[in-house]
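Visitor: One file is attached below, coords_18.pdb, containing PDB, C-alpha atoms.
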ATOM      1  CA  MET A   1      70.504  49.082 120.011  1.00  0.00           C
ATOM      2  CA  LYS A   2      70.492  47.144 123.272  1.00  0.00           C
ATOM      3  CA  ARG A   3      74.307  47.235 123.344  1.00  0.00           C
ATOM      4  CA  MET A   4      74.292  51.034 122.835  1.00  0.00           C
ATOM      5  CA  MET A   5      71.841  51.470 125.706  1.00  0.00           C
ATOM      6  CA  ILE A   6      74.025  49.329 127.979  1.00  0.00           C
ATOM      7  CA  ALA A   7      77.084  51.395 126.982  1.00  0.00           C
ATOM      8  CA  ALA A   8      75.198  54.611 127.726  1.00  0.00           C
ATOM      9  CA  LEU A   9      74.099  53.310 131.123  1.00  0.00           C
ATOM     10  CA  LEU A  10      77.640  52.229 131.973  1.00  0.00           C
ATOM     11  CA  SER A  11      78.936  55.613 130.894  1.00  0.00           C
ATOM     12  CA  ALA A  12      76.449  57.351 133.162  1.00  0.00           C
ATOM     13  CA  ALA A  13      77.198  54.924 135.963  1.00  0.00           C
ATOM     14  CA  VAL A  14      80.903  55.735 136.034  1.00  0.00           C
ATOM     15  CA  ALA A  15      80.623  59.438 135.180  1.00  0.00           C
ATOM     16  CA  LEU A  16      81.638  61.562 138.103  1.00  0.00           C
ATOM     17  CA  PRO A  17      81.031  65.241 138.795  1.00  0.00           C
ATOM     18  CA  ALA A  18      83.965  67.629 138.716  1.00  0.00           C
ATOM     19  CA  SER A  19      85.420  68.340 142.138  1.00  0.00           C
ATOM     20  CA  ALA A  20      88.274  70.431 143.479  1.00  0.00           C
ATOM     21  CA  ALA A  21      90.854  69.295 140.912  1.00  0.00           C
ATOM     22  CA  LEU A  22      94.131  71.173 140.660  1.00  0.00           C
ATOM     23  CA  LYS A  23      93.798  74.399 138.669  1.00  0.00           C
ATOM     24  CA  GLU A  24      95.702  76.418 136.090  1.00  0.00           C
ATOM     25  CA  GLY A  25      99.025  77.630 137.489  1.00  0.00           C
ATOM     26  CA  ASP A  26      99.299  74.869 140.111  1.00  0.00           C
ATOM     27  CA  ASN A  27     102.359  72.636 140.133  1.00  0.00           C
ATOM     28  CA  ALA A  28     101.559  69.258 138.604  1.00  0.00           C
ATOM     29  CA  PRO A  29     102.498  66.426 140.958  1.00  0.00           C
ATOM     30  CA  ALA A  30     105.196  64.267 139.372  1.00  0.00           C
ATOM     31  CA  PHE A  31     104.353  60.600 139.012  1.00  0.00           C
ATOM     32  CA  GLN A  32     105.762  57.372 137.679  1.00  0.00           C
ATOM     33  CA  LEU A  33     103.301  54.590 136.950  1.00  0.00           C
ATOM     34  CA  GLN A  34     103.240  51.279 135.189  1.00  0.00           C
ATOM     35  CA  ALA A  35     101.658  51.976 131.823  1.00  0.00           C
ATOM     36  CA  SER A  36     100.817  50.117 128.653  1.00  0.00           C
ATOM     37  CA  GLN A  37     101.049  51.114 125.027  1.00  0.00           C
ATOM     38  CA  ASN A  38      99.905  48.737 122.318  1.00  0.00           C
ATOM     39  CA  GLY A  39      99.728  45.931 124.899  1.00  0.00           C
ATOM     40  CA  LYS A  40     103.283  46.368 126.200  1.00  0.00           C
ATOM     41  CA  ALA A  41     103.866  47.425 129.802  1.00  0.00           C
ATOM     42  CA  PHE A  42     106.556  49.975 130.700  1.00  0.00           C
ATOM     43  CA  ALA A  43     107.309  52.608 133.340  1.00  0.00           C
ATOM     44  CA  PHE A  44     105.797  55.990 132.413  1.00  0.00           C
ATOM     45  CA  SER A  45     107.396  59.035 134.036  1.00  0.00           C
ATOM     46  CA  LEU A  46     105.717  62.444 133.828  1.00  0.00           C
ATOM     47  CA  LYS A  47     109.097  64.098 134.419  1.00  0.00           C
ATOM     48  CA  ASP A  48     110.617  62.304 131.423  1.00  0.00           C
ATOM     49  CA  ALA A  49     107.610  63.012 129.182  1.00  0.00           C
ATOM     50  CA  LEU A  50     107.748  66.746 130.020  1.00  0.00           C
ATOM     51  CA  LYS A  51     111.292  66.892 128.583  1.00  0.00           C
ATOM     52  CA  LYS A  52     109.690  66.445 125.140  1.00  0.00           C
ATOM     53  CA  GLY A  53     106.994  69.129 125.541  1.00  0.00           C
ATOM     54  CA  PRO A  54     103.552  69.544 127.098  1.00  0.00           C
ATOM     55  CA  VAL A  55     101.793  66.473 128.456  1.00  0.00           C
ATOM     56  CA  VAL A  56      98.057  65.842 128.385  1.00  0.00           C
ATOM     57  CA  VAL A  57      97.247  63.700 131.436  1.00  0.00           C
ATOM     58  CA  TYR A  58      93.674  62.514 131.221  1.00  0.00           C
ATOM     59  CA  PHE A  59      92.090  60.713 134.137  1.00  0.00           C
ATOM     60  CA  TYR A  60      89.118  58.515 133.290  1.00  0.00           C
ATOM     61  CA  PRO A  61      86.882  56.196 135.352  1.00  0.00           C
ATOM     62  CA  SER A  62      87.441  52.779 133.742  1.00  0.00           C
ATOM     63  CA  ALA A  63      88.642  51.087 130.569  1.00  0.00           C
ATOM     64  CA  TYR A  64      85.932  49.400 128.541  1.00  0.00           C
ATOM     65  CA  THR A  65      83.057  51.593 129.705  1.00  0.00           C
ATOM     66  CA  GLY A  66      80.909  53.785 127.473  1.00  0.00           C
ATOM     67  CA  GLY A  67      82.324  57.271 127.969  1.00  0.00           C
ATOM     68  CA  CYS A  68      85.886  56.048 128.475  1.00  0.00           C
ATOM     69  CA  ASN A  69      85.746  54.066 125.241  1.00  0.00           C
ATOM     70  CA  ILE A  70      84.604  57.188 123.390  1.00  0.00           C
ATOM     71  CA  GLN A  71      87.290  59.337 125.009  1.00  0.00           C
ATOM     72  CA  ALA A  72      90.122  56.868 124.266  1.00  0.00           C
ATOM     73  CA  HIS A  73      88.943  56.552 120.653  1.00  0.00           C
ATOM     74  CA  SER A  74      88.815  60.362 120.311  1.00  0.00           C
ATOM     75  CA  PHE A  75      92.371  60.708 121.664  1.00  0.00           C
ATOM     76  CA  ALA A  76      93.538  57.968 119.247  1.00  0.00           C
ATOM     77  CA  VAL A  77      91.831  59.568 116.235  1.00  0.00           C
ATOM     78  CA  ASN A  78      93.359  62.955 117.124  1.00  0.00           C
ATOM     79  CA  HIS A  79      96.781  61.594 118.124  1.00  0.00           C
ATOM     80  CA  ASP A  80      98.557  63.104 115.111  1.00  0.00           C
ATOM     81  CA  LYS A  81      97.119  66.544 115.937  1.00  0.00           C
ATOM     82  CA  PHE A  82      98.381  66.312 119.533  1.00  0.00           C
ATOM     83  CA  SER A  83     101.792  65.200 118.250  1.00  0.00           C
ATOM     84  CA  ALA A  84     101.886  68.058 115.722  1.00  0.00           C
ATOM     85  CA  ALA A  85     101.354  70.458 118.653  1.00  0.00           C
ATOM     86  CA  GLY A  86     104.307  68.807 120.435  1.00  0.00           C
ATOM     87  CA  ALA A  87     102.140  67.163 123.106  1.00  0.00           C
ATOM     88  CA  THR A  88     102.318  63.703 124.655  1.00  0.00           C
ATOM     89  CA  VAL A  89      99.028  62.098 125.761  1.00  0.00           C
ATOM     90  CA  VAL A  90      98.705  59.635 128.647  1.00  0.00           C
ATOM     91  CA  GLY A  91      95.523  58.232 130.137  1.00  0.00           C
ATOM     92  CA  VAL A  92      95.374  57.357 133.841  1.00  0.00           C
ATOM     93  CA  SER A  93      92.798  55.169 135.592  1.00  0.00           C
ATOM     94  CA  LEU A  94      92.519  52.826 138.548  1.00  0.00           C
ATOM     95  CA  ASP A  95      92.415  49.848 136.158  1.00  0.00           C
ATOM     96  CA  SER A  96      94.950  47.034 136.564  1.00  0.00           C
ATOM     97  CA  ILE A  97      97.834  46.850 134.108  1.00  0.00           C
ATOM     98  CA  ALA A  98      96.324  43.606 132.747  1.00  0.00           C
ATOM     99  CA  ARG A  99      93.113  45.454 131.733  1.00  0.00           C
ATOM    100  CA  LEU A 100      95.174  48.312 130.316  1.00  0.00           C
ATOM    101  CA  ASN A 101      97.355  45.987 128.243  1.00  0.00           C
ATOM    102  CA  GLU A 102      94.181  44.909 126.437  1.00  0.00           C
ATOM    103  CA  PHE A 103      92.664  48.414 126.267  1.00  0.00           C
ATOM    104  CA  SER A 104      95.854  50.060 124.996  1.00  0.00           C
ATOM    105  CA  ALA A 105      96.101  47.661 122.046  1.00  0.00           C
ATOM    106  CA  ASP A 106      92.372  47.555 121.220  1.00  0.00           C
ATOM    107  CA  PRO A 107      91.965  49.030 117.717  1.00  0.00           C
ATOM    108  CA  ASN A 108      88.553  50.443 118.673  1.00  0.00           C
ATOM    109  CA  TYR A 109      89.889  52.504 121.574  1.00  0.00           C
ATOM    110  CA  CYS A 110      93.551  53.438 122.255  1.00  0.00           C
ATOM    111  CA  ALA A 111      94.688  51.610 119.108  1.00  0.00           C
ATOM    112  CA  GLY A 112      98.294  51.593 120.324  1.00  0.00           C
ATOM    113  CA  LYS A 113      98.560  55.350 119.763  1.00  0.00           C
ATOM    114  CA  PHE A 114      99.244  56.493 123.342  1.00  0.00           C
ATOM    115  CA  PRO A 115      99.924  54.958 126.754  1.00  0.00           C
ATOM    116  CA  VAL A 116      97.415  54.358 129.518  1.00  0.00           C
ATOM    117  CA  ALA A 117      98.735  54.115 133.075  1.00  0.00           C
ATOM    118  CA  ALA A 118      97.591  52.046 136.048  1.00  0.00           C
ATOM    119  CA  ASP A 119      97.002  54.135 139.181  1.00  0.00           C
ATOM    120  CA  ALA A 120      95.657  51.042 140.931  1.00  0.00           C
ATOM    121  CA  ASN A 121      95.625  52.525 144.457  1.00  0.00           C
ATOM    122  CA  GLY A 122      94.469  55.978 143.310  1.00  0.00           C
ATOM    123  CA  ASP A 123      97.431  57.848 144.789  1.00  0.00           C
ATOM    124  CA  THR A 124      98.106  59.829 141.604  1.00  0.00           C
ATOM    125  CA  ALA A 125      94.442  60.788 141.183  1.00  0.00           C
ATOM    126  CA  LYS A 126      94.387  61.918 144.828  1.00  0.00           C
ATOM    127  CA  ALA A 127      97.562  63.978 144.284  1.00  0.00           C
ATOM    128  CA  TYR A 128      95.652  65.825 141.540  1.00  0.00           C
ATOM    129  CA  ASP A 129      92.755  66.415 143.986  1.00  0.00           C
ATOM    130  CA  LEU A 130      90.349  64.202 142.058  1.00  0.00           C
ATOM    131  CA  ALA A 131      87.364  62.481 143.613  1.00  0.00           C
ATOM    132  CA  ILE A 132      87.479  58.692 143.731  1.00  0.00           C
ATOM    133  CA  ARG A 133      84.432  56.572 144.252  1.00  0.00           C
ATOM    134  CA  GLU A 134      83.779  52.880 144.518  1.00  0.00           C
ATOM    135  CA  ILE A 135      82.056  51.179 141.610  1.00  0.00           C
ATOM    136  CA  PRO A 136      79.227  48.994 142.937  1.00  0.00           C
ATOM    137  CA  SER A 137      79.985  45.284 143.105  1.00  0.00           C
ATOM    138  CA  GLY A 138      78.735  43.355 140.102  1.00  0.00           C
ATOM    139  CA  ARG A 139      79.002  46.282 137.666  1.00  0.00           C
ATOM    140  CA  LYS A 140      80.261  45.041 134.288  1.00  0.00           C
ATOM    141  CA  ASP A 141      82.146  46.731 131.486  1.00  0.00           C
ATOM    142  CA  THR A 142      81.101  46.777 127.821  1.00  0.00           C
ATOM    143  CA  ARG A 143      82.697  43.334 127.342  1.00  0.00           C
ATOM    144  CA  GLY A 144      80.656  41.843 130.186  1.00  0.00           C
ATOM    145  CA  VAL A 145      83.678  41.672 132.530  1.00  0.00           C
ATOM    146  CA  GLU A 146      83.149  42.756 136.137  1.00  0.00           C
ATOM    147  CA  ILE A 147      84.812  46.059 137.060  1.00  0.00           C
ATOM    148  CA  ASP A 148      86.863  45.367 140.178  1.00  0.00           C
ATOM    149  CA  HIS A 149      88.300  48.778 140.986  1.00  0.00           C
ATOM    150  CA  ALA A 150      87.290  52.271 142.064  1.00  0.00           C
ATOM    151  CA  ALA A 151      86.947  55.175 139.625  1.00  0.00           C
ATOM    152  CA  ALA A 152      88.542  58.612 139.436  1.00  0.00           C
ATOM    153  CA  GLU A 153      86.550  61.449 137.955  1.00  0.00           C
ATOM    154  CA  ARG A 154      87.015  62.311 134.278  1.00  0.00           C
ATOM    155  CA  THR A 155      89.398  65.268 134.295  1.00  0.00           C
ATOM    156  CA  THR A 156      92.190  66.245 131.929  1.00  0.00           C
ATOM    157  CA  PHE A 157      95.258  68.289 132.804  1.00  0.00           C
ATOM    158  CA  ILE A 158      97.475  69.992 130.248  1.00  0.00           C
ATOM    159  CA  ILE A 159     100.913  70.324 131.818  1.00  0.00           C
ATOM    160  CA  THR A 160     103.673  72.550 130.425  1.00  0.00           C
ATOM    161  CA  PRO A 161     107.336  71.441 130.358  1.00  0.00           C
ATOM    162  CA  ASP A 162     108.036  73.532 133.491  1.00  0.00           C
ATOM    163  CA  GLY A 163     105.630  71.278 135.416  1.00  0.00           C
ATOM    164  CA  LYS A 164     102.783  73.812 135.686  1.00  0.00           C
ATOM    165  CA  ILE A 165      99.170  73.069 134.891  1.00  0.00           C
ATOM    166  CA  ALA A 166      98.196  75.170 131.851  1.00  0.00           C
ATOM    167  CA  ALA A 167      94.554  74.025 131.940  1.00  0.00           C
ATOM    168  CA  THR A 168      92.194  71.707 133.784  1.00  0.00           C
ATOM    169  CA  VAL A 169      89.375  70.289 131.675  1.00  0.00           C
ATOM    170  CA  GLY A 170      86.459  68.664 133.496  1.00  0.00           C
ATOM    171  CA  GLY A 171      82.686  68.482 133.487  1.00  0.00           C
ATOM    172  CA  LEU A 172      82.468  67.894 129.722  1.00  0.00           C
ATOM    173  CA  THR A 173      81.409  64.978 127.576  1.00  0.00           C
ATOM    174  CA  PRO A 174      84.280  62.656 126.638  1.00  0.00           C
ATOM    175  CA  GLU A 175      84.505  64.043 123.084  1.00  0.00           C
ATOM    176  CA  ALA A 176      84.298  67.679 124.228  1.00  0.00           C
ATOM    177  CA  ASN A 177      87.011  66.936 126.797  1.00  0.00           C
ATOM    178  CA  VAL A 178      89.365  65.780 124.022  1.00  0.00           C
ATOM    179  CA  GLU A 179      88.441  68.758 121.799  1.00  0.00           C
ATOM    180  CA  LYS A 180      89.170  71.235 124.610  1.00  0.00           C
ATOM    181  CA  ALA A 181      92.490  69.536 125.434  1.00  0.00           C
ATOM    182  CA  LEU A 182      93.500  69.652 121.761  1.00  0.00           C
ATOM    183  CA  ALA A 183      92.550  73.329 121.438  1.00  0.00           C
ATOM    184  CA  THR A 184      94.638  74.092 124.536  1.00  0.00           C
ATOM    185  CA  VAL A 185      97.787  72.328 123.302  1.00  0.00           C
ATOM    186  CA  GLN A 186      97.401  73.917 119.874  1.00  0.00           C
ATOM    187  CA  GLN A 187      97.168  77.328 121.537  1.00  0.00           C
ATOM    188  CA  LEU A 188     100.299  76.569 123.587  1.00  0.00           C
ATOM    189  CA  SER A 189     102.075  75.531 120.388  1.00  0.00           C
ATOM    190  CA  ARG A 190     101.131  78.818 118.661  1.00  0.00           C
ATOM    191  CA  LYS A 191     102.365  80.859 121.638  1.00  0.00           C
ATOM    192  CA  LYS A 192     105.686  79.022 121.537  1.00  0.00           C
ATOM    193  CA  SER A 193     106.206  79.708 117.797  1.00  0.00           C
TER     194      SER A 193
END
Hey, can you dump this file as structure tokens for me?
Guide:
Amino acid sequence: MKRMMIAALLSAAVALPASAALKEGDNAPAFQLQASQNGKAFAFSLKDALKKGPVVVYFYPSAYTGGCNIQAHSFAVNHDKFSAAGATVVGVSLDSIARLNEFSADPNYCAGKFPVAADANGDTAKAYDLAIREIPSGRKDTRGVEIDHAAAERTTFIITPDGKIAATVGGLTPEANVEKALATVQQLSRKKS
């Protein structure tokens, strides 16, 4: 019970309000970031991923925090549904690649199902017009490890292969964010058929 309360407090502590994120119809800024999938680092390119179909780019505040753990787990559990709709999923945070190597392989969260990318300086989040805020010194994640980076707001972008934003999903709970992103890619898939 105590652990659940701590997770809830951490989730609230890193939750950010929606701001002036890019909107439907906007061009999605291209990016290439160091990412990790199942504990292995590689270079993720949005341009390359879009060649395969729509891409769900979800920005989240920090690995190993309450809401972000729930969101990563929800994306992992629904990975096959995103794939069936032809969509690639990538998470983006200001975490270091070392933290993401652990998070990406953790069977309770990403479970090796999709990559998470390190936007350590926040440039990609800023390109998507997302708010970034400092996490107070001494704040710890759900493992008890100090969080040593800033946080981007929780916002998901569904990007079509032509590089346009089909939908911006923000201001929802982590699970509702995933559900809305899945519904959007499934709708795109039906339109394409």
Visitor: Can you pull out every residue within 10 Å of A:Lys113, counting only C-alpha atoms, but drop anything in the same chain fewer than 3 positions away, and send it as JSON, numbers by chain?
Guide: {"A": [37, 38, 72, 73, 75, 76, 77, 78, 79, 80, 89, 90, 104, 105, 107, 109, 110, 116]}
Visitor: Can you tell me which residues surround stretch 128-130 of chain A at a distance of at most 6 Å, considering all atoms listed in the file, apart from same-chain residues fewer than 2 positions away, and format the answer as an MDAnalysis selection string?
Guide: chainID A and resid 21:22 125:126
Visitor: When distances are computed from all atoms listed in the file, which of A:Asn27, A:Thr142, A:Ser36, A:Gln187 shows the smallest separation from A:Ile70?
Guide: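 Residue with the minimum atom-to-atom distance to A:Ile70: A:Thr142.
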Visitor: Using atom CA of A:Glu175 and atom CA of A:Gln71 as the two end points, give the distance in Å to one decimal.
Guide: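 Atom CA of A:Glu175 sits 5.8 Å away from atom CA of A:Gln71.
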Visitor: Using the chain letters and residue numbers of this document, give as a PyMOL selection string the residues selected by the PyMOL selection byres ((chain A and resi 68) around 10).
Guide: chain A and resi 10-11+14-15+59-67+69-74+93+109+154+174-175
Visitor: Can you pull out every residue within 8 Å of A:Val57, counting all atoms listed in the file, but drop anything in the same chain fewer than 5 positions away, and send it as a VMD selection string?
Guide: chain A and resid 89 to 92 156 to 159
Visitor: Please provide as a list in words all residues within 9 Å of A:Asp95, with the sequence filter that same-chain residues fewer than 6 positions apart are discarded (counting all atoms listed in the file).
Guide: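 Returned residues: Pro61, Ser62, Ala63, Ala117, Ala118, Asp119, Ala120, Ile147, Asp148, His149, Ala150 and Ala151 of chain A.
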Visitor: Report, in Å to a single decimal, how far apart atom CA of A:Asp123 and atom CA of A:Thr160 are.
Guide: 21.5 Å
Visitor: So what do you get for atom CA of A:Ala30 versus atom CA of A:Ser45, distance-wise?
Guide: 7.8 Å
Visitor: Pick the closest to A:Tyr58 from A:Ala111, A:Ala152, A:Ala43, A:Ala183: which is it, counting all atoms listed in the file?
Guide: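 Closest to A:Tyr58 of all the choices is A:Ala152.
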Visitor: Under the rule that all atoms listed in the file are counted, which of A:Ala98, A:Ile132, A:Ala176, A:Ile165 is the nearest residue to A:Ala41?
Guide: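 Closest to A:Ala41, using all atoms listed in the file: A:Ala98.
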Visitor: Stretch 144-154 of chain A, all listed atoms, 4 Å padding on each side: what axis-aligned box centre and edge lengths in Å to one decimal come out, as JSON?
Guide:
{"center_x": 84.6, "center_y": 52.0, "center_z": 136.1, "size_x": 15.9, "size_y": 28.6, "size_z": 19.9}
Visitor: Counting all atoms listed in the file, figure out which residue out of A:Val55, A:Ile97, A:Ala84, A:Leu50 gets nearest to A:Arg190.
Guide: A:Ala84
Visitor: For the provided coordinates, the residues matched by the PyMOL selection byres ((chain A and resi 169) around 6) should be stated as a CSV table (one decimal) with C-alpha atoms, keeping the file's coordinate frame.
Guide:
chain,number,residue,atom,x,y,z
A,155,THR,CA,89.4,65.3,134.3
A,156,THR,CA,92.2,66.2,131.9
A,168,THR,CA,92.2,71.7,133.8
A,170,GLY,CA,86.5,68.7,133.5
Visitor: Can stretch 139-160 of chain A be brought up to N, CA, C and O atoms and written out as an mmCIF file, in the coordinates of the input?
Guide:
data_model
loop_
_atom_site.group_PDB
_atom_site.id
_atom_site.type_symbol
_atom_site.label_atom_id
_atom_site.label_comp_id
_atom_site.auth_asym_id
_atom_site.auth_seq_id
_atom_site.Cartn_x
_atom_site.Cartn_y
_atom_site.Cartn_z
ATOM 1 N N ARG A 139 79.074 45.428 138.855
ATOM 2 C CA ARG A 139 79.002 46.282 137.666
ATOM 3 C C ARG A 139 79.937 45.723 136.603
ATOM 4 O O ARG A 139 81.076 45.376 136.880
ATOM 5 N N LYS A 140 79.461 45.631 135.364
ATOM 6 C CA LYS A 140 80.261 45.041 134.288
ATOM 7 C C LYS A 140 80.611 46.085 133.232
ATOM 8 O O LYS A 140 79.894 47.059 133.056
ATOM 9 N N ASP A 141 81.726 45.828 132.553
ATOM 10 C CA ASP A 141 82.146 46.731 131.486
ATOM 11 C C ASP A 141 81.439 46.344 130.186
ATOM 12 O O ASP A 141 80.593 45.447 130.173
ATOM 13 N N THR A 142 81.789 47.010 129.091
ATOM 14 C CA THR A 142 81.101 46.777 127.821
ATOM 15 C C THR A 142 81.409 45.409 127.220
ATOM 16 O O THR A 142 80.742 44.985 126.282
ATOM 17 N N ARG A 143 82.388 44.702 127.787
ATOM 18 C CA ARG A 143 82.697 43.334 127.342
ATOM 19 C C ARG A 143 81.990 42.304 128.203
ATOM 20 O O ARG A 143 82.102 41.113 127.964
ATOM 21 N N GLY A 144 81.312 42.757 129.266
ATOM 22 C CA GLY A 144 80.656 41.843 130.186
ATOM 23 C C GLY A 144 81.546 41.383 131.321
ATOM 24 O O GLY A 144 81.197 40.473 132.072
ATOM 25 N N VAL A 145 82.726 42.018 131.474
ATOM 26 C CA VAL A 145 83.678 41.672 132.530
ATOM 27 C C VAL A 145 83.423 42.570 133.735
ATOM 28 O O VAL A 145 83.241 43.789 133.589
ATOM 29 N N GLU A 146 83.401 41.967 134.929
ATOM 30 C CA GLU A 146 83.149 42.756 136.137
ATOM 31 C C GLU A 146 84.263 43.779 136.363
ATOM 32 O O GLU A 146 85.438 43.486 136.200
ATOM 33 N N ILE A 147 83.866 44.985 136.742
ATOM 34 C CA ILE A 147 84.812 46.059 137.060
ATOM 35 C C ILE A 147 85.160 45.915 138.530
ATOM 36 O O ILE A 147 84.295 46.003 139.391
ATOM 37 N N ASP A 148 86.447 45.696 138.807
ATOM 38 C CA ASP A 148 86.863 45.367 140.178
ATOM 39 C C ASP A 148 87.733 46.448 140.809
ATOM 40 O O ASP A 148 88.614 46.156 141.615
ATOM 41 N N HIS A 149 87.484 47.685 140.441
ATOM 42 C CA HIS A 149 88.300 48.778 140.986
ATOM 43 C C HIS A 149 87.438 50.023 141.162
ATOM 44 O O HIS A 149 86.330 50.097 140.647
ATOM 45 N N ALA A 150 87.976 50.988 141.881
ATOM 46 C CA ALA A 150 87.290 52.271 142.064
ATOM 47 C C ALA A 150 87.495 53.127 140.819
ATOM 48 O O ALA A 150 88.216 52.737 139.893
ATOM 49 N N ALA A 151 86.873 54.298 140.797
ATOM 50 C CA ALA A 151 86.947 55.175 139.625
ATOM 51 C C ALA A 151 87.293 56.599 140.021
ATOM 52 O O ALA A 151 86.726 57.142 140.966
ATOM 53 N N ALA A 152 88.216 57.187 139.275
ATOM 54 C CA ALA A 152 88.542 58.612 139.436
ATOM 55 C C ALA A 152 87.650 59.395 138.485
ATOM 56 O O ALA A 152 87.224 58.876 137.446
ATOM 57 N N GLU A 153 87.392 60.634 138.830
ATOM 58 C CA GLU A 153 86.550 61.449 137.955
ATOM 59 C C GLU A 153 87.272 61.772 136.649
ATOM 60 O O GLU A 153 88.502 61.809 136.600
ATOM 61 N N ARG A 154 86.481 61.994 135.597
ATOM 62 C CA ARG A 154 87.015 62.311 134.278
ATOM 63 C C ARG A 154 87.493 63.761 134.267
ATOM 64 O O ARG A 154 86.706 64.692 134.240
ATOM 65 N N THR A 155 88.795 63.939 134.309
ATOM 66 C CA THR A 155 89.398 65.268 134.295
ATOM 67 C C THR A 155 90.716 65.185 133.546
ATOM 68 O O THR A 155 91.470 64.238 133.716
ATOM 69 N N THR A 156 90.972 66.193 132.722
ATOM 70 C CA THR A 156 92.190 66.245 131.929
ATOM 71 C C THR A 156 93.018 67.450 132.341
ATOM 72 O O THR A 156 92.473 68.537 132.540
ATOM 73 N N PHE A 157 94.322 67.222 132.456
ATOM 74 C CA PHE A 157 95.258 68.289 132.804
ATOM 75 C C PHE A 157 96.243 68.464 131.655
ATOM 76 O O PHE A 157 96.814 67.473 131.183
ATOM 77 N N ILE A 158 96.438 69.691 131.223
ATOM 78 C CA ILE A 158 97.475 69.992 130.248
ATOM 79 C C ILE A 158 98.617 70.609 131.043
ATOM 80 O O ILE A 158 98.441 71.628 131.721
ATOM 81 N N ILE A 159 99.773 69.938 130.992
ATOM 82 C CA ILE A 159 100.913 70.324 131.818
ATOM 83 C C ILE A 159 102.044 70.806 130.910
ATOM 84 O O ILE A 159 102.403 70.135 129.934
ATOM 85 N N THR A 160 102.584 71.972 131.216
ATOM 86 C CA THR A 160 103.673 72.550 130.425
ATOM 87 C C THR A 160 105.005 71.954 130.875
ATOM 88 O O THR A 160 105.107 71.409 131.979
#
